[in-house]
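Just input_17.cif here, mmCIF, C-alpha atoms:
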data_upload
#
loop_
_atom_site.label_atom_id
_atom_site.label_comp_id
_atom_site.auth_asym_id
_atom_site.auth_seq_id
_atom_site.Cartn_x
_atom_site.Cartn_y
_atom_site.Cartn_z
CA MET A 1 -15.45 7.04 14.90
CA PRO A 2 -14.15 10.61 15.20
CA SER A 3 -16.83 13.16 15.74
CA THR A 4 -17.24 15.88 13.17
CA PRO A 5 -18.12 19.10 14.92
CA LEU A 6 -20.20 21.59 13.03
CA ALA A 7 -17.98 24.31 11.61
CA ASN A 8 -18.69 27.60 13.28
CA GLY A 9 -21.08 29.67 11.30
CA VAL A 10 -22.73 26.63 9.82
CA SER A 11 -25.48 26.00 12.27
CA PRO A 12 -28.41 23.70 11.78
CA PRO A 13 -31.65 25.59 11.11
CA LEU A 14 -33.46 26.29 14.29
CA CYS A 15 -36.94 24.98 14.64
CA GLY A 16 -38.71 23.04 17.35
CA VAL A 17 -36.53 19.98 17.15
CA GLU A 18 -33.75 19.75 14.69
CA ARG A 19 -31.77 16.64 15.29
CA THR A 20 -28.07 17.08 14.77
CA GLU A 21 -25.74 14.22 14.15
CA VAL A 22 -23.92 13.07 17.21
CA THR A 23 -21.34 10.40 16.71
CA ALA A 24 -19.64 7.98 19.00
CA SER A 25 -16.80 9.92 20.48
CA SER A 26 -18.98 12.44 22.24
CA THR A 27 -17.98 10.93 25.54
CA VAL A 28 -16.76 13.89 27.44
CA ALA A 29 -13.97 14.37 29.91
CA ASP A 30 -11.54 12.00 28.28
CA ASP A 31 -11.10 13.86 25.01
CA LYS A 32 -9.36 17.06 25.87
CA PRO A 33 -8.00 17.79 29.30
CA GLY A 34 -8.65 21.32 30.48
CA VAL A 35 -11.53 21.89 28.08
CA SER A 36 -14.77 22.32 29.93
CA MET A 37 -17.81 20.20 29.29
CA MET A 38 -19.62 23.19 27.91
CA GLU A 39 -17.06 23.64 25.20
CA GLN A 40 -17.15 20.01 24.22
CA LEU A 41 -20.90 20.12 24.13
CA VAL A 42 -21.16 23.31 22.19
CA PRO A 43 -20.08 22.31 18.69
CA GLU A 44 -22.60 19.49 18.65
CA ILE A 45 -25.79 21.11 19.79
CA THR A 46 -25.01 24.82 19.57
CA THR A 47 -28.11 26.42 18.25
CA HIS A 48 -30.53 24.15 20.02
CA ALA A 49 -29.05 24.55 23.49
CA LEU A 50 -28.54 28.27 23.04
CA SER A 51 -32.17 28.73 22.07
CA TYR A 52 -33.14 28.26 25.69
CA LEU A 53 -31.18 31.29 26.85
CA ASP A 54 -32.58 34.76 27.18
CA TYR A 55 -30.65 37.67 25.73
CA PRO A 56 -28.74 38.69 28.88
CA SER A 57 -27.64 35.11 29.45
CA LEU A 58 -26.56 34.72 25.85
CA CYS A 59 -24.50 37.90 26.09
CA ARG A 60 -22.88 36.91 29.36
CA LEU A 61 -22.03 33.52 27.94
CA SER A 62 -20.31 35.23 25.04
CA MET A 63 -18.14 37.09 27.54
CA THR A 64 -16.65 33.99 29.13
CA ASN A 65 -14.07 32.97 26.54
CA SER A 66 -13.33 33.03 22.83
CA LEU A 67 -14.97 29.74 21.99
CA MET A 68 -18.13 30.71 23.84
CA ARG A 69 -18.02 34.10 22.20
CA LYS A 70 -18.15 32.54 18.75
CA ALA A 71 -20.93 30.21 19.75
CA ALA A 72 -23.04 32.73 21.62
CA ASN A 73 -22.70 35.36 18.91
CA ASP A 74 -24.01 32.90 16.36
CA ASP A 75 -26.18 34.78 13.91
CA ASN A 76 -28.89 32.12 13.74
CA ALA A 77 -29.17 32.01 17.51
CA TRP A 78 -29.87 35.74 17.62
CA LYS A 79 -32.24 35.55 14.71
CA ALA A 80 -34.20 32.88 16.56
CA LEU A 81 -34.21 35.01 19.71
CA TYR A 82 -35.44 37.97 17.69
CA HIS A 83 -38.32 35.89 16.38
CA LYS A 84 -39.11 34.63 19.84
CA ASP A 85 -38.98 37.98 21.65
CA PHE A 86 -40.28 40.32 19.00
CA THR A 87 -41.85 39.05 15.82
CA MET A 88 -41.60 36.49 13.09
CA GLU A 89 -41.51 39.32 10.59
CA GLN A 90 -38.33 40.12 8.71
CA ASP A 91 -37.47 36.48 8.53
CA GLY A 92 -36.03 36.84 5.07
CA ILE A 93 -33.82 39.84 5.64
CA THR A 94 -30.20 39.93 6.62
CA PRO A 95 -29.37 42.88 8.85
CA VAL A 96 -26.24 44.75 7.82
CA ASN A 97 -24.48 44.25 11.13
CA GLY A 98 -25.82 40.80 11.89
CA TRP A 99 -28.73 39.67 14.02
CA LYS A 100 -27.20 40.29 17.43
CA ALA A 101 -26.74 43.98 16.67
CA TYR A 102 -30.21 44.10 15.14
CA TYR A 103 -31.68 42.56 18.27
CA ALA A 104 -29.82 45.06 20.46
CA THR A 105 -31.02 48.03 18.42
CA THR A 106 -34.56 46.69 18.42
CA ARG A 107 -34.48 46.61 22.22
CA ALA A 108 -33.24 50.19 22.23
CA ILE A 109 -35.99 51.41 19.91
CA ILE A 110 -38.71 49.65 21.84
CA SER A 111 -37.34 51.22 24.99
CA VAL A 112 -37.51 54.71 23.49
CA ASN A 113 -40.99 54.03 22.19
CA THR A 114 -42.11 52.91 25.64
CA GLU A 115 -40.60 56.04 27.11
CA PHE A 116 -42.74 58.11 24.74
CA PHE A 117 -45.87 56.70 26.36
CA SER A 118 -44.46 57.20 29.85
CA ILE A 119 -43.96 60.84 28.98
CA ILE A 120 -47.58 61.11 27.89
CA ARG A 121 -48.79 59.41 31.04
CA ASP A 122 -46.67 61.70 33.25
CA ARG A 123 -47.24 64.76 31.08
CA ALA A 124 -43.51 65.43 31.22
CA LEU A 125 -43.21 68.24 28.72
CA GLN A 126 -39.49 68.82 29.24
CA VAL A 127 -38.70 65.21 28.56
CA MET A 128 -40.90 65.29 25.47
CA ALA A 129 -38.96 68.33 24.31
CA ARG A 130 -35.72 66.35 24.58
CA LEU A 131 -37.14 63.28 22.86
CA TRP A 132 -38.10 65.11 19.67
CA LEU A 133 -35.51 66.21 17.15
CA ASN A 134 -35.26 69.97 17.07
CA SER A 135 -35.82 70.34 13.36
CA ASP A 136 -38.26 71.89 10.92
CA TYR A 137 -39.22 68.64 9.21
CA VAL A 138 -40.61 66.82 12.24
CA LYS A 139 -44.36 66.26 12.22
CA CYS A 140 -47.01 65.20 14.66
CA ILE A 141 -50.55 64.08 13.83
CA HIS A 142 -52.62 63.71 16.97
CA ALA A 143 -55.72 61.59 17.42
CA SER A 144 -57.73 64.73 16.98
CA GLY A 145 -56.78 64.63 13.34
CA GLU A 146 -54.68 67.78 13.51
CA LEU A 147 -51.27 67.99 11.86
CA PHE A 148 -48.43 70.01 13.42
CA SER A 149 -45.27 70.67 11.50
CA GLY A 150 -41.84 71.73 12.77
CA TYR A 151 -40.38 71.41 16.24
CA ASN A 152 -41.97 74.50 17.80
CA GLU A 153 -45.48 73.74 16.58
CA VAL A 154 -45.16 70.13 17.66
CA MET A 155 -44.04 71.14 21.15
CA GLN A 156 -46.88 73.60 21.47
CA SER A 157 -49.33 70.88 20.52
CA TRP A 158 -47.99 68.67 23.27
CA GLN A 159 -48.19 71.50 25.77
CA LEU A 160 -51.85 71.92 24.87
CA CYS A 161 -52.35 68.21 25.16
CA PHE A 162 -50.76 68.09 28.61
CA ASN A 163 -52.93 70.92 29.87
CA TRP A 164 -55.78 68.46 30.26
CA GLU A 165 -56.52 67.29 33.76
CA GLN A 166 -55.09 63.84 33.63
CA GLY A 167 -52.39 62.06 31.75
CA PHE A 168 -53.44 59.33 29.38
CA ASP A 169 -52.27 55.88 30.38
CA PHE A 170 -52.13 53.88 27.18
CA GLN A 171 -51.81 50.13 27.05
CA VAL A 172 -49.59 49.48 24.07
CA HIS A 173 -49.64 46.23 22.12
CA THR A 174 -48.44 44.66 18.88
CA VAL A 175 -45.33 46.79 18.69
CA ARG A 176 -43.47 46.16 15.45
CA THR A 177 -40.21 47.79 14.53
CA ARG A 178 -38.20 48.11 11.39
CA ILE A 179 -34.72 49.49 11.71
CA LEU A 180 -32.27 50.76 9.14
CA THR A 181 -28.93 52.28 9.97
CA ASP A 182 -30.01 55.64 11.36
CA MET A 183 -33.74 55.40 11.11
CA ALA A 184 -36.48 53.31 12.63
CA TRP A 185 -40.23 53.15 12.31
CA VAL A 186 -42.54 51.60 14.82
CA THR A 187 -46.21 50.66 14.54
CA MET A 188 -48.42 49.82 17.48
CA LYS A 189 -51.92 49.64 18.88
CA ALA A 190 -52.62 51.86 21.88
CA TYR A 191 -55.64 51.24 24.08
CA LEU A 192 -56.96 53.85 26.43
CA ASN A 193 -59.74 51.98 28.12
CA VAL A 194 -61.32 48.58 28.12
CA ASP A 195 -64.12 49.08 25.66
CA GLY A 196 -62.48 51.51 23.30
CA GLY A 197 -60.89 50.34 20.09
CA PRO A 198 -57.17 50.95 19.67
CA PHE A 199 -55.47 54.00 18.30
CA LEU A 200 -53.24 52.84 15.48
CA ILE A 201 -49.97 54.68 15.84
CA THR A 202 -46.85 55.08 13.76
CA ASN A 203 -43.69 56.60 15.23
CA VAL A 204 -40.53 57.33 13.34
CA PHE A 205 -37.14 57.86 14.97
CA GLU A 206 -33.77 59.07 13.74
CA PHE A 207 -30.39 58.49 15.32
CA HIS A 208 -28.44 61.70 16.04
CA ASN A 209 -25.60 62.42 18.42
CA GLY A 210 -25.66 58.99 20.00
CA ARG A 211 -29.39 59.06 20.74
CA TRP A 212 -32.66 58.11 19.10
CA HIS A 213 -34.96 61.06 18.53
CA MET A 214 -38.59 61.12 17.52
CA VAL A 215 -39.20 62.80 14.17
CA HIS A 216 -42.74 61.70 13.41
CA HIS A 217 -45.82 60.65 15.31
CA HIS A 218 -49.09 59.73 13.67
CA SER A 219 -52.11 58.53 15.55
CA SER A 220 -55.30 57.27 13.95
CA VAL A 221 -58.49 59.04 14.79
CA MET A 222 -60.91 57.36 17.16
CA LEU A 223 -64.27 56.61 15.56
CA ILE A 224 -67.48 55.77 17.39
CA ASP A 225 -70.54 55.15 15.24
CA ASP A 226 -68.63 56.59 12.33
CA GLN A 227 -68.33 59.89 14.14
CA GLN A 228 -64.92 61.30 14.72
CA VAL A 229 -64.21 61.61 18.44
CA VAL A 230 -62.14 64.60 19.39
CA VAL A 231 -59.74 63.51 22.11
CA HIS A 232 -57.54 66.57 22.42
CA MET B 1 -35.49 -12.53 13.73
CA SER B 2 -32.26 -10.76 12.94
CA SER B 3 -31.35 -7.16 13.50
CA SER B 4 -29.19 -5.20 11.16
CA LYS B 5 -26.61 -3.76 13.50
CA LYS B 6 -23.03 -4.79 13.98
CA SER B 7 -21.88 -5.85 17.40
CA SER B 8 -18.41 -5.62 18.80
CA ASP B 9 -18.82 -8.90 20.57
CA GLY B 10 -19.41 -11.02 17.52
CA LYS B 11 -21.30 -14.20 17.87
CA SER B 12 -22.22 -14.21 21.54
CA SER B 13 -24.32 -11.06 21.47
CA GLU B 14 -26.06 -12.17 18.31
CA ILE B 15 -27.13 -15.22 20.18
CA GLU B 16 -28.16 -13.13 23.15
CA GLU B 17 -30.32 -11.06 20.88
CA ALA B 18 -31.91 -14.03 19.24
CA VAL B 19 -32.72 -15.44 22.65
CA ALA B 20 -34.06 -12.10 23.81
CA SER B 21 -36.25 -11.84 20.73
CA LEU B 22 -37.74 -15.24 21.34
CA THR B 23 -38.23 -14.98 25.06
CA MET B 24 -39.34 -11.41 25.61
CA PRO B 25 -42.95 -10.49 25.98
CA PHE B 26 -44.49 -9.05 22.87
CA ASN B 27 -44.57 -5.43 23.84
CA LYS B 28 -41.21 -5.13 25.55
CA ILE B 29 -37.97 -3.78 24.15
CA LEU B 30 -34.50 -4.48 25.48
CA LEU B 31 -31.97 -1.68 25.40
CA THR B 32 -28.31 -2.35 26.03
CA SER B 33 -25.94 0.44 26.99
CA SER B 34 -22.41 0.86 25.67
CA ASP B 35 -21.03 -0.70 28.84
CA GLY B 36 -23.27 -3.72 28.68
CA GLU B 37 -26.10 -2.82 31.01
CA SER B 38 -29.52 -3.99 29.86
CA PHE B 39 -32.89 -2.39 30.38
CA GLU B 40 -36.20 -4.01 29.55
CA ILE B 41 -38.86 -1.42 28.89
CA ASP B 42 -42.37 -1.19 27.51
CA GLU B 43 -42.64 -0.43 23.83
CA ALA B 44 -44.59 2.70 24.70
CA VAL B 45 -41.64 4.01 26.69
CA ALA B 46 -39.17 3.05 23.96
CA ARG B 47 -41.22 4.99 21.46
CA LYS B 48 -40.37 8.20 23.30
CA PHE B 49 -36.99 7.82 21.62
CA GLN B 50 -37.67 8.73 18.01
CA ILE B 51 -34.67 6.83 16.81
CA ILE B 52 -36.19 3.65 18.22
CA ALA B 53 -39.73 4.53 17.19
CA HIS B 54 -38.53 4.66 13.59
CA MET B 55 -36.84 1.34 13.92
CA ILE B 56 -40.05 -0.16 15.23
CA GLU B 57 -42.03 1.37 12.37
CA ASP B 58 -39.61 0.11 9.79
CA ASP B 59 -39.70 -3.22 11.49
CA CYS B 60 -35.94 -3.43 11.36
CA ALA B 61 -35.44 -3.57 15.09
CA GLY B 62 -35.11 -6.80 16.87
CA LYS B 63 -36.50 -6.72 20.33
CA ALA B 64 -33.00 -6.03 21.61
CA ILE B 65 -31.40 -2.75 20.63
CA PRO B 66 -27.85 -1.68 21.47
CA ILE B 67 -27.34 1.95 22.38
CA ASP B 68 -23.66 2.32 21.55
CA ASN B 69 -23.24 5.93 22.53
CA VAL B 70 -24.74 5.92 25.97
CA THR B 71 -23.46 4.42 29.20
CA GLY B 72 -25.71 2.54 31.58
CA ASP B 73 -25.86 5.18 34.28
CA ILE B 74 -27.08 7.81 31.82
CA LEU B 75 -29.41 5.45 30.00
CA SER B 76 -31.07 4.48 33.25
CA LYS B 77 -31.74 8.11 34.08
CA ILE B 78 -33.17 8.69 30.63
CA ILE B 79 -35.44 5.70 30.91
CA GLU B 80 -36.57 6.84 34.34
CA TYR B 81 -37.60 10.16 32.83
CA ALA B 82 -39.21 8.55 29.81
CA LYS B 83 -41.33 6.26 31.99
CA LYS B 84 -42.71 9.23 33.87
CA HIS B 85 -43.45 11.06 30.64
CA VAL B 86 -45.06 8.32 28.57
CA VAL B 87 -48.28 10.25 28.77
CA GLU B 88 -47.89 14.00 28.87
CA PRO B 89 -50.74 15.64 30.80
CA ASP B 90 -52.55 18.42 29.02
CA GLU B 91 -52.02 21.64 30.93
CA ASP B 92 -55.55 22.82 30.22
CA GLU B 93 -57.33 19.59 30.90
CA ASP B 94 -55.43 18.27 33.88
CA GLU B 95 -53.62 21.03 35.70
CA GLU B 96 -53.17 18.89 38.79
CA ALA B 97 -51.33 16.17 36.92
CA LYS B 98 -49.14 18.68 35.12
CA LYS B 99 -48.14 20.28 38.41
CA LYS B 100 -47.28 16.93 39.91
CA LEU B 101 -45.15 16.04 36.91
CA ASP B 102 -43.35 19.39 36.96
CA SER B 103 -42.58 18.83 40.61
CA TRP B 104 -41.20 15.37 39.83
CA ASP B 105 -39.09 16.83 37.03
CA ALA B 106 -37.64 19.43 39.37
CA LYS B 107 -36.66 16.82 41.92
CA PHE B 108 -35.27 14.58 39.18
CA VAL B 109 -32.86 17.20 37.94
CA GLU B 110 -32.00 18.57 41.39
CA LYS B 111 -30.12 15.39 42.19
CA LEU B 112 -28.00 15.52 39.05
CA ASP B 113 -24.66 17.26 38.71
CA LEU B 114 -23.88 19.38 35.69
CA GLU B 115 -21.69 16.80 34.03
CA THR B 116 -24.51 14.27 34.14
CA ILE B 117 -26.92 16.78 32.69
CA PHE B 118 -24.55 17.39 29.79
CA LYS B 119 -24.27 13.69 29.15
CA ILE B 120 -28.04 13.46 29.22
CA ILE B 121 -28.28 16.21 26.63
CA LEU B 122 -25.91 14.40 24.32
CA ALA B 123 -27.72 11.12 24.81
CA ALA B 124 -31.19 12.63 24.41
CA ASN B 125 -30.02 14.22 21.19
CA TYR B 126 -28.69 10.89 19.93
CA LEU B 127 -31.88 9.05 20.84
CA ASN B 128 -33.92 11.95 19.51
CA PHE B 129 -35.89 12.27 22.73
CA GLU B 130 -37.28 15.72 22.24
CA GLY B 131 -38.97 16.13 25.62
CA LEU B 132 -35.90 15.36 27.69
CA LEU B 133 -33.57 17.27 25.37
CA GLY B 134 -35.68 20.37 25.85
CA PHE B 135 -35.98 19.90 29.58
CA ALA B 136 -32.26 19.30 30.08
CA SER B 137 -31.35 22.24 27.87
CA GLN B 138 -33.68 24.46 29.85
CA THR B 139 -32.02 23.25 33.05
CA VAL B 140 -28.59 24.25 31.78
CA ALA B 141 -30.01 27.59 30.66
CA ASP B 142 -31.37 28.14 34.16
CA TYR B 143 -27.89 27.57 35.59
CA ILE B 144 -26.61 30.46 33.52
CA LYS B 145 -29.50 32.82 33.99
CA ASP B 146 -28.71 35.94 36.01
CA LYS B 147 -25.10 34.96 36.54
CA THR B 148 -22.13 37.16 35.74
CA PRO B 149 -19.63 35.95 33.15
CA GLU B 150 -17.22 35.15 35.96
CA GLU B 151 -19.80 33.03 37.73
CA VAL B 152 -20.62 31.24 34.47
CA ARG B 153 -16.92 30.47 34.00
CA GLU B 154 -16.76 28.95 37.43
CA ILE B 155 -19.82 26.79 36.98
CA PHE B 156 -18.69 25.34 33.69
CA ASN B 157 -14.94 25.40 34.27
CA ILE B 158 -14.33 27.75 31.38
CA GLU B 159 -10.98 29.43 31.13
CA ASN B 160 -10.84 33.09 30.22
CA ASP B 161 -8.56 33.42 27.20
CA PHE B 162 -9.27 37.01 26.19
CA THR B 163 -6.55 39.60 25.80
CA PRO B 164 -7.18 42.94 27.56
CA GLU B 165 -8.00 44.50 24.18
CA GLU B 166 -10.53 41.78 23.47
CA GLU B 167 -12.02 42.23 26.95
CA GLU B 168 -12.61 45.87 26.18
CA ALA B 169 -14.16 45.15 22.79
CA ILE B 170 -16.41 42.53 24.32
CA ARG B 171 -17.53 44.86 27.07
CA LYS B 172 -18.62 47.36 24.45
CA GLU B 173 -20.24 44.69 22.35
CA ASN B 174 -22.44 43.67 25.26
CA ALA B 175 -22.90 46.91 27.14
CA TRP B 176 -26.49 47.17 25.96
CA THR B 177 -27.60 44.20 28.03
CA PHE B 178 -26.47 45.79 31.25
CA ASN B 179 -28.54 48.90 30.80
CA GLY B 180 -31.62 47.45 32.47
#

Show me, as structure tokens, the structure contained in the file I just sent.
Amino acid sequence: MPSTPLANGVSPPLCGVERTEVTASSTVADDKPGVSMMEQLVPEITTHALSYLDYPSLCRLSMTNSLMRKAANDDNAWKALYHKDFTMEQDGITPVNGWKAYYATTRAIISVNTEFFSIIRDRALQVMARLWLNSDYVKCIHASGELFSGYNEVMQSWQLCFNWEQGFDFQVHTVRTRILTDMAWVTMKAYLNVDGGPFLITNVFEFHNGRWHMVHHHSSVMLIDDQQVVVH
Amino acid sequence: MSSSKKSSDGKSSEIEEAVASLTMPFNKILLTSSDGESFEIDEAVARKFQIIAHMIEDDCAGKAIPIDNVTGDILSKIIEYAKKHVVEPDEDEDEEAKKKLDSWDAKFVEKLDLETIFKIILAANYLNFEGLLGFASQTVADYIKDKTPEEVREIFNIENDFTPEEEEAIRKENAWTFNG
């Protein structure tokens, strides 16, 4: 009984266990001389086996040869990895450049977003000045409830913020991103200390000159007993 | 008691089966590999293989079941694993047992070469043995983890068939993973 390998691009849906059909001639080593075991294995159980790889491994596998490249760049595999590493959200969408590119860009945005909080912790004003887009439409709404508009005002507000004695070390959770071609928005919960509730933050980034720049930051105001707490 | 599968051997294996069905203890199942090796196992162990569990449910399995796609050496390894995993310890309730089992699993796979692991993956998929399929897949994934593409090629005997232009395109395509 000849085996019928899955055509590339037609992968079985990935869930916990999806049983794919394996027929009799899957005995390896005698079928094609010079073709590695991996390549004989791959058409049969592609998505399932690949689902155990992390993103660097999946990328490196795609760099080994053309057959592996096709398999490891499989859109469903990257979609599954996205759901595993980031969120189950956006399950129904199809990214313009495919899921691998979407995963890569998501990593990049999360990295920039993390850097934003490092800057705050280290009070690195110069780095903050490079992160923001130098433009008149950028806006920043601090946890104090104040709105600053335009690059200069925004930078001044950060300078004021950093003049406090210590940097704020936020613990950031529940980061969710949504990315379109040149724009991304990120929501998150930032905790300052153990018993405080989170600041709910939205950051928006735009892609210019090969880099992601912050164009909008909006933090919720901290409330204790319905009283607004002025942080800055 | 007849079973509904065809046998390459014709009459003699039908007779064998009939004899097996009559003489085997109630809760045992006989599995026969593609190369004629037989394994008598508890029904509980056999049920780890979904494909067999369904046959038992549908009552269409005799007590002797041929496994056409799997050779004896691989089948014996799979059964060895299945026996150890008949009862999966709950991580929360019995941490000690889980640790012991993990340690056994590690030793089990340590002794196997890559080719055997691949064959186990194929067989576990055929038998629909989720636990082993996952474990074996994870093992292969661990082989690849943190290796360069060149190292991965060596491990799996993959031949590089990219043109220099393709190499360049691929480097760009994957540059983002090497940026820490």

| Which of these, B:Leu30, B:Val87, B:Ile56, B:Ile144, has the shortest distance to Tyr52 in chain A once you count all atoms listed in the file? |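 Result for the nearest residue to Tyr52 in chain A: B:Ile144.
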
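Nearest to Arg123 in chain A of all the residues A:Tyr151, A:Ser157, A:Ala80, A:Phe168 is A:Phe168, based on all atoms listed in the file.
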
| field | Nearest-residue call for Ala129 in chain A, choices A:His173, A:His213, A:Lys100, A:Arg69, using all atoms listed in the file | value |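 Checking each of A:His173, A:His213, A:Lys100, A:Arg69 against Ala129 in chain A, counting all atoms listed in the file, the winner is A:His213.
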
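Straight-line separation from CA of Leu180 in chain A to CA of Glu89 in chain A: 14.8 Å.
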
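Picked by the PyMOL selection byres ((chain A and resi 134) around 12) from the coordinates shown: Met128, Ala129, Arg130, Leu131, Trp132, Leu133, Ser135, Asp136, Tyr137, Val138, Lys139, Ser149, Gly150, Tyr151, Asn152, Glu153, Val154, Met155, Glu206, His208, His213, Met214, Val215 and His216 of chain A.
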
Could you write out the selected residues, including C-alpha atoms, as an mmCIF file, keeping the file's coordinate frame?
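Saved result, out_6.cif, follows:
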data_model
loop_
_atom_site.group_PDB
_atom_site.id
_atom_site.type_symbol
_atom_site.label_atom_id
_atom_site.label_comp_id
_atom_site.auth_asym_id
_atom_site.auth_seq_id
_atom_site.Cartn_x
_atom_site.Cartn_y
_atom_site.Cartn_z
ATOM 1 C CA MET A 128 -40.900 65.290 25.470
ATOM 2 C CA ALA A 129 -38.960 68.330 24.310
ATOM 3 C CA ARG A 130 -35.720 66.350 24.580
ATOM 4 C CA LEU A 131 -37.140 63.280 22.860
ATOM 5 C CA TRP A 132 -38.100 65.110 19.670
ATOM 6 C CA LEU A 133 -35.510 66.210 17.150
ATOM 7 C CA SER A 135 -35.820 70.340 13.360
ATOM 8 C CA ASP A 136 -38.260 71.890 10.920
ATOM 9 C CA TYR A 137 -39.220 68.640 9.210
ATOM 10 C CA VAL A 138 -40.610 66.820 12.240
ATOM 11 C CA LYS A 139 -44.360 66.260 12.220
ATOM 12 C CA SER A 149 -45.270 70.670 11.500
ATOM 13 C CA GLY A 150 -41.840 71.730 12.770
ATOM 14 C CA TYR A 151 -40.380 71.410 16.240
ATOM 15 C CA ASN A 152 -41.970 74.500 17.800
ATOM 16 C CA GLU A 153 -45.480 73.740 16.580
ATOM 17 C CA VAL A 154 -45.160 70.130 17.660
ATOM 18 C CA MET A 155 -44.040 71.140 21.150
ATOM 19 C CA GLU A 206 -33.770 59.070 13.740
ATOM 20 C CA HIS A 208 -28.440 61.700 16.040
ATOM 21 C CA HIS A 213 -34.960 61.060 18.530
ATOM 22 C CA MET A 214 -38.590 61.120 17.520
ATOM 23 C CA VAL A 215 -39.200 62.800 14.170
ATOM 24 C CA HIS A 216 -42.740 61.700 13.410
#

| query | Quick one: of A:Gln126, A:Asn65, A:Ser51, A:Thr174, who's nearest to chain B, counting only C-alpha atoms? | reply |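 Going through A:Gln126, A:Asn65, A:Ser51, A:Thr174 one by one, the smallest distance to chain B is for A:Asn65.
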